[in-house]
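Asker: Okay, so here is protein05.cif, and as you'll see once you scroll down, it has mmCIF, C-alpha atoms.
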data_query
loop_
_atom_site.group_PDB
_atom_site.id
_atom_site.type_symbol
_atom_site.label_atom_id
_atom_site.label_comp_id
_atom_site.auth_asym_id
_atom_site.auth_seq_id
_atom_site.Cartn_x
_atom_site.Cartn_y
_atom_site.Cartn_z
ATOM 1 C CA MET A 1 -24.597 -5.617 8.101
ATOM 2 C CA GLY A 2 -21.877 -3.852 6.045
ATOM 3 C CA GLN A 3 -20.118 -0.575 6.612
ATOM 4 C CA LYS A 4 -21.929 2.563 5.571
ATOM 5 C CA PRO A 5 -20.595 4.161 2.394
ATOM 6 C CA PRO A 6 -17.842 6.726 2.983
ATOM 7 C CA GLU A 7 -18.687 10.402 2.918
ATOM 8 C CA LYS A 8 -17.935 11.879 -0.511
ATOM 9 C CA ILE A 9 -14.787 13.983 -0.748
ATOM 10 C CA ASP A 10 -14.546 16.832 -3.238
ATOM 11 C CA LEU A 11 -11.004 16.575 -4.526
ATOM 12 C CA LYS A 12 -9.851 16.585 -8.146
ATOM 13 C CA LEU A 13 -6.697 14.556 -8.529
ATOM 14 C CA PRO A 14 -4.332 15.267 -11.433
ATOM 15 C CA LYS A 15 -2.776 11.789 -11.242
ATOM 16 C CA PRO A 16 -3.215 8.453 -9.453
ATOM 17 C CA VAL A 17 -2.659 8.051 -5.734
ATOM 18 C CA VAL A 18 -0.443 5.111 -4.770
ATOM 19 C CA LEU A 19 -0.580 3.762 -1.233
ATOM 20 C CA VAL A 20 2.660 2.284 0.095
ATOM 21 C CA GLY A 21 3.616 0.755 3.415
ATOM 22 C CA MET A 22 4.066 -2.461 5.324
ATOM 23 C CA MET A 23 1.732 -5.426 5.178
ATOM 24 C CA GLY A 24 -1.074 -4.707 7.604
ATOM 25 C CA ALA A 25 -0.760 -0.921 7.328
ATOM 26 C CA GLY A 26 -4.234 -0.718 5.779
ATOM 27 C CA LYS A 27 -3.393 0.055 2.156
ATOM 28 C CA SER A 28 -6.245 -2.012 0.713
ATOM 29 C CA ALA A 29 -8.842 -1.061 3.329
ATOM 30 C CA VAL A 30 -8.004 2.653 3.229
ATOM 31 C CA GLY A 31 -7.604 2.545 -0.543
ATOM 32 C CA ARG A 32 -11.066 1.073 -1.115
ATOM 33 C CA ARG A 33 -12.717 3.673 1.125
ATOM 34 C CA LEU A 34 -10.688 6.547 -0.342
ATOM 35 C CA ALA A 35 -11.549 5.475 -3.886
ATOM 36 C CA ALA A 36 -15.245 5.266 -3.014
ATOM 37 C CA ALA A 37 -15.159 8.704 -1.340
ATOM 38 C CA LEU A 38 -13.447 10.212 -4.408
ATOM 39 C CA ASP A 39 -15.632 8.266 -6.856
ATOM 40 C CA LEU A 40 -12.561 6.661 -8.450
ATOM 41 C CA PRO A 41 -11.673 3.050 -9.185
ATOM 42 C CA PHE A 42 -9.632 1.136 -6.615
ATOM 43 C CA VAL A 43 -6.911 -1.229 -7.804
ATOM 44 C CA ASP A 44 -4.988 -3.633 -5.587
ATOM 45 C CA ALA A 45 -1.632 -4.429 -7.194
ATOM 46 C CA ASP A 46 -1.440 -7.801 -5.417
ATOM 47 C CA ASP A 47 -4.804 -8.826 -6.911
ATOM 48 C CA GLU A 48 -3.598 -7.749 -10.344
ATOM 49 C CA ILE A 49 -0.363 -9.724 -9.922
ATOM 50 C CA GLU A 50 -2.304 -12.854 -8.944
ATOM 51 C CA GLN A 51 -4.616 -12.410 -11.919
ATOM 52 C CA ALA A 52 -1.678 -11.951 -14.311
ATOM 53 C CA ALA A 53 0.155 -14.980 -12.866
ATOM 54 C CA GLY A 54 -2.939 -17.134 -12.576
ATOM 55 C CA CYS A 55 -2.071 -18.132 -9.002
ATOM 56 C CA PRO A 56 -1.802 -16.717 -5.478
ATOM 57 C CA ILE A 57 1.259 -14.703 -4.462
ATOM 58 C CA THR A 58 2.174 -17.398 -1.934
ATOM 59 C CA ASP A 59 2.433 -19.870 -4.841
ATOM 60 C CA ILE A 60 4.579 -17.472 -6.897
ATOM 61 C CA PHE A 61 6.989 -17.180 -3.945
ATOM 62 C CA ALA A 62 7.005 -20.938 -3.343
ATOM 63 C CA ARG A 63 7.457 -21.955 -6.996
ATOM 64 C CA HIS A 64 9.631 -19.171 -8.393
ATOM 65 C CA GLY A 65 11.051 -17.206 -5.450
ATOM 66 C CA GLU A 66 10.915 -13.570 -4.415
ATOM 67 C CA ASP A 67 13.012 -12.271 -7.339
ATOM 68 C CA ALA A 68 10.550 -13.641 -9.910
ATOM 69 C CA PHE A 69 7.653 -12.208 -7.910
ATOM 70 C CA ARG A 70 9.309 -8.762 -7.747
ATOM 71 C CA ASP A 71 9.940 -8.805 -11.495
ATOM 72 C CA GLY A 72 6.265 -9.517 -12.187
ATOM 73 C CA GLU A 73 5.224 -6.949 -9.596
ATOM 74 C CA ARG A 74 7.309 -4.266 -11.342
ATOM 75 C CA ARG A 75 5.731 -4.994 -14.728
ATOM 76 C CA VAL A 76 2.191 -4.995 -13.315
ATOM 77 C CA ILE A 77 2.620 -1.725 -11.372
ATOM 78 C CA GLU A 78 4.212 0.043 -14.338
ATOM 79 C CA ARG A 79 1.213 -1.058 -16.441
ATOM 80 C CA LEU A 80 -1.275 0.073 -13.795
ATOM 81 C CA LEU A 81 0.330 3.519 -13.573
ATOM 82 C CA LYS A 82 -0.417 4.018 -17.279
ATOM 83 C CA GLN A 83 -4.122 3.301 -16.849
ATOM 84 C CA PRO A 84 -6.823 5.868 -16.036
ATOM 85 C CA LEU A 85 -6.866 7.751 -12.747
ATOM 86 C CA CYS A 86 -7.297 5.437 -9.740
ATOM 87 C CA ILE A 87 -6.323 4.727 -6.159
ATOM 88 C CA LEU A 88 -3.659 2.009 -6.218
ATOM 89 C CA ALA A 89 -2.596 -0.105 -3.238
ATOM 90 C CA THR A 90 0.812 -1.730 -3.645
ATOM 91 C CA GLY A 91 2.355 -4.662 -1.846
ATOM 92 C CA GLY A 92 4.675 -3.958 1.059
ATOM 93 C CA GLY A 93 7.879 -4.514 -0.915
ATOM 94 C CA ALA A 94 6.914 -2.690 -4.107
ATOM 95 C CA PHE A 95 8.190 0.763 -3.100
ATOM 96 C CA MET A 96 11.568 -0.794 -2.236
ATOM 97 C CA ASP A 97 12.225 -1.323 -5.958
ATOM 98 C CA ASN A 98 14.062 1.663 -7.465
ATOM 99 C CA GLY A 99 12.275 1.305 -10.799
ATOM 100 C CA ILE A 100 8.835 1.178 -9.220
ATOM 101 C CA ARG A 101 9.679 4.105 -6.942
ATOM 102 C CA ARG A 102 10.810 6.200 -9.939
ATOM 103 C CA ALA A 103 7.682 5.285 -11.914
ATOM 104 C CA ILE A 104 5.451 6.241 -8.986
ATOM 105 C CA LYS A 105 7.334 9.519 -8.472
ATOM 106 C CA ALA A 106 6.988 10.376 -12.167
ATOM 107 C CA SER A 107 3.295 9.622 -12.594
ATOM 108 C CA ALA A 108 1.520 9.445 -9.222
ATOM 109 C CA ILE A 109 1.235 10.828 -5.706
ATOM 110 C CA SER A 110 2.629 8.405 -3.131
ATOM 111 C CA VAL A 111 1.097 8.075 0.336
ATOM 112 C CA TRP A 112 2.879 6.077 3.028
ATOM 113 C CA LEU A 113 0.532 4.533 5.576
ATOM 114 C CA LYS A 114 2.878 4.276 8.541
ATOM 115 C CA ALA A 115 2.068 2.003 11.479
ATOM 116 C CA ASP A 116 3.947 0.900 14.573
ATOM 117 C CA ILE A 117 5.022 -2.696 15.145
ATOM 118 C CA GLU A 118 2.208 -3.563 17.560
ATOM 119 C CA THR A 119 -0.495 -2.306 15.193
ATOM 120 C CA LEU A 120 1.025 -4.215 12.269
ATOM 121 C CA TRP A 121 1.531 -7.380 14.328
ATOM 122 C CA GLN A 122 -2.075 -7.364 15.538
ATOM 123 C CA ARG A 123 -3.267 -7.039 11.936
ATOM 124 C CA VAL A 124 -1.071 -9.714 10.325
ATOM 125 C CA ARG A 125 -0.268 -12.317 12.971
ATOM 126 C CA ARG A 126 -3.133 -14.700 12.212
ATOM 127 C CA ARG A 127 -2.888 -14.510 8.436
ATOM 128 C CA SER A 128 -1.158 -17.191 6.424
ATOM 129 C CA ASP A 129 -0.990 -15.275 3.140
ATOM 130 C CA ARG A 130 2.141 -13.283 4.025
ATOM 131 C CA PRO A 131 5.040 -15.275 2.510
ATOM 132 C CA LEU A 132 7.737 -13.066 4.008
ATOM 133 C CA LEU A 133 6.403 -13.893 7.492
ATOM 134 C CA ASN A 134 6.639 -17.658 7.055
ATOM 135 C CA THR A 135 9.652 -17.703 9.372
ATOM 136 C CA GLU A 136 10.516 -19.087 12.788
ATOM 137 C CA ASN A 137 9.917 -15.685 14.426
ATOM 138 C CA PRO A 138 7.478 -13.723 12.232
ATOM 139 C CA LYS A 139 7.234 -10.722 14.575
ATOM 140 C CA GLN A 140 11.030 -10.321 14.526
ATOM 141 C CA THR A 141 10.931 -10.653 10.732
ATOM 142 C CA LEU A 142 8.302 -7.909 10.617
ATOM 143 C CA GLU A 143 10.490 -5.652 12.788
ATOM 144 C CA THR A 144 13.502 -6.307 10.550
ATOM 145 C CA LEU A 145 11.446 -5.482 7.452
ATOM 146 C CA MET A 146 10.318 -2.238 9.097
ATOM 147 C CA GLU A 147 13.925 -1.238 9.860
ATOM 148 C CA THR A 148 14.860 -1.787 6.228
ATOM 149 C CA ARG A 149 11.764 -0.349 4.622
ATOM 150 C CA TYR A 150 10.819 2.681 6.706
ATOM 151 C CA PRO A 151 13.718 4.864 5.473
ATOM 152 C CA ILE A 152 12.635 4.107 1.881
ATOM 153 C CA TYR A 153 8.913 4.578 2.564
ATOM 154 C CA ALA A 154 9.838 7.984 4.028
ATOM 155 C CA GLN A 155 10.550 9.093 0.429
ATOM 156 C CA ALA A 156 6.795 9.036 -0.269
ATOM 157 C CA ASP A 157 5.133 12.378 -1.001
ATOM 158 C CA ILE A 158 2.828 12.122 2.028
ATOM 159 C CA THR A 159 3.034 10.190 5.317
ATOM 160 C CA ILE A 160 -0.093 9.278 7.283
ATOM 161 C CA GLU A 161 -0.128 7.475 10.632
ATOM 162 C CA SER A 162 -2.214 4.318 10.280
ATOM 163 C CA CYS A 163 -3.500 3.440 13.712
ATOM 164 C CA GLU A 164 -6.461 1.788 15.333
ATOM 165 C CA GLY A 165 -9.699 3.690 15.073
ATOM 166 C CA PRO A 166 -12.369 4.358 12.492
ATOM 167 C CA LEU A 167 -11.184 3.692 8.961
ATOM 168 C CA ASP A 168 -12.956 6.796 7.702
ATOM 169 C CA GLU A 169 -10.808 8.959 10.009
ATOM 170 C CA THR A 170 -7.681 7.679 8.259
ATOM 171 C CA VAL A 171 -9.334 8.239 4.869
ATOM 172 C CA LYS A 172 -10.196 11.803 5.907
ATOM 173 C CA ARG A 173 -6.578 12.456 6.983
ATOM 174 C CA VAL A 174 -5.298 11.116 3.645
ATOM 175 C CA ALA A 175 -7.700 13.408 1.740
ATOM 176 C CA GLU A 176 -6.707 16.453 3.825
ATOM 177 C CA ASP A 177 -3.013 15.799 3.242
ATOM 178 C CA LEU A 178 -3.629 15.244 -0.473
ATOM 179 C CA LYS A 179 -5.325 18.666 -0.630
ATOM 180 C CA ARG A 180 -2.363 20.291 1.158
ATOM 181 C CA PHE A 181 0.111 18.478 -1.079
ATOM 182 C CA LEU A 182 -1.703 19.548 -4.258
ATOM 183 C CA ALA A 183 -1.878 23.147 -3.038
ATOM 184 C CA THR A 184 1.922 23.259 -2.613
ATOM 185 C CA ASP A 185 2.886 21.068 -5.587
ATOM 186 C CA THR A 186 2.249 23.584 -8.370
#
Would you put the structure from the file into C-alpha cells?
Answerer:
Amino acid sequence: MGQKPPEKIDLKLPKPVVLVGMMGAGKSAVGRRLAAALDLPFVDADDEIEQAAGCPITDIFARHGEDAFRDGERRVIERLLKQPLCILATGGGAFMDNGIRRAIKASAISVWLKADIETLWQRVRRRSDRPLLNTENPKQTLETLMETRYPIYAQADITIESCEGPLDETVKRVAEDLKRFLATDT
C-alpha cells in the first residue's frame, strides 16, 4: 500500500524551487511530496541528465569522467530553470558549480536539505548508483564531500534540517520557510 497523498499547501510561488544538498539528503523524496502538495510538476535533474545522455549517470562517469558529466549537468539545469514553474531536485554536486549557482540565484529559490553524516550514510550505504562513493572508504569520502560542499550549500536561500521522521514533516517545514522567505524577499 502506497503513501497517502500529501496535504495540499496554499502557497503561490513566483519562481521555481530548487532543492540542493548531499546525496541521500532527500531532495527527490521531499521534492516529489512538495510538488504534489503545491500542485506543481516535480523534475529530477539527474533523471533529465540520464534522458538527455541516453544512459545512466554511472555510465557517464565511467565512460567520460566527472568533468563531462558536470558539463552536461550544467546545460540541463540551465534549460530546466527556463521551463515553467516546478520543484527541481538537483544532484549533490550541481550547486558546487559557480554557473549553476548563479543561474539558480537569478531565477529560483534554493533550499538546502542539510543532513548529518549518520543520516546520509544510512540512506546511501547500500546503493550502488553513487559514482562518487565507489571508493575504498565510501563513508570517509562522504565526510570529505560534506566538508567541501557544506560551506557552498550554506549559500542557499533557505536551509532545512533533513532528518529521520515523517517525510511530510520535512515538506511542511520547507513550505513554512518558503512562506517566510517570500514574505521578506520583496
Asker: Using only C-alpha atoms, which residue out of A:Ser28, A:Ala175, A:Ala36, A:Ile152 lies closest to Asn98 of chain A?
Answerer: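 Smallest separation from Asn98 of chain A among the options: A:Ile152.
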Asker: Have a look at atom CA of Leu38 of chain A and atom CA of Ile9 of chain A and let me know their distance in Å, one decimal.
Answerer: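 Between atom CA of Leu38 of chain A and atom CA of Ile9 of chain A the gap works out to 5.4 Å.
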Asker: Hey, what comes out of the PyMOL selection byres ((chain A and resi 43-56) around 6) on this file? Could you write it as a PDB file with C-alpha atoms, in the frame of the given file?
Answerer:
ATOM      1  CA  PHE A  42      -9.632   1.136  -6.615  1.00  0.00           C
ATOM      2  CA  ILE A  57       1.259 -14.703  -4.462  1.00  0.00           C
ATOM      3  CA  THR A  58       2.174 -17.398  -1.934  1.00  0.00           C
ATOM      4  CA  ASP A  59       2.433 -19.870  -4.841  1.00  0.00           C
ATOM      5  CA  LEU A  88      -3.659   2.009  -6.218  1.00  0.00           C
ATOM      6  CA  ALA A  89      -2.596  -0.105  -3.238  1.00  0.00           C
ATOM      7  CA  THR A  90       0.812  -1.730  -3.645  1.00  0.00           C
TER       8      THR A  90
END
Asker: Using all atoms listed in the file for the distances, tell me which of A:Ala103, A:Leu34, A:Leu113, A:Ala68 is nearest to Leu80 of chain A.
Answerer: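 When distances to Leu80 of chain A are compared using all atoms listed in the file, the smallest one comes from A:Ala103.
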Asker: If you count only C-alpha atoms, which residues fall within 12 Å of Glu143 of chain A, apart from same-chain ones fewer than 5 positions away, as JSON, numbers by chain?
Answerer: {"A": [22, 23, 115, 116, 117, 118, 119, 120, 121, 132, 133, 137, 138, 148, 149, 150]}
Asker: How many Å separate atom CA of Ala35 of chain A from atom CA of Gly92 of chain A?
Answerer: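 A separation of 19.4 Å between them.
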Asker: Looking at all atoms listed in the file, which of A:Leu145, A:Ile158, A:Ala25, A:Val124 is the one that sits closest to Ala108 of chain A?
Answerer: A:Ile158
Asker: Edge lengths and centre, in Å to one decimal, as lines of an AutoDock Vina configuration file: that's what I need for the box along x, y and z that holds all listed atoms of segment 73-87 of chain A plus 6 Å on each side.
Answerer:
center_x = 0.0
center_y = 0.4
center_z = -11.7
size_x = 26.6
size_y = 26.7
size_z = 23.1
Asker: Between A:Gly99, A:Gly24, A:Phe61, A:Ala94, which is the closest to Leu142 of chain A once you count only C-alpha atoms?
Answerer: A:Gly24
Asker: If you measure from atom CA of Glu73 of chain A to atom CA of Arg101 of chain A, what distance in Å do you get, rounded to one decimal?
Answerer: 12.2 Å
Asker: Between A:Val171, A:Ile104, A:Met96, A:Leu13, which is the closest to Leu81 of chain A once you count all atoms listed in the file?
Answerer: A:Ile104
Asker: Report as a PyMOL selection string the full result of the PyMOL selection byres ((chain A and resi 85) around 9) when it is applied to this structure.
Answerer: chain A and resi 13-17+40-41+81-84+86-87
Asker: Pick the closest to Val111 of chain A from A:Lys27, A:Ala156, A:Leu182, A:Asp10: which is it, counting only C-alpha atoms?
Answerer: A:Ala156
Asker: So what does the PyMOL selection byres ((chain A and resi 174) around 12) actually pick up in this one, as a ChimeraX atom specification?
Answerer: /A:9,11,17-19,27,30-31,33-35,37-38,87,109-114,157-162,167-173,175-181
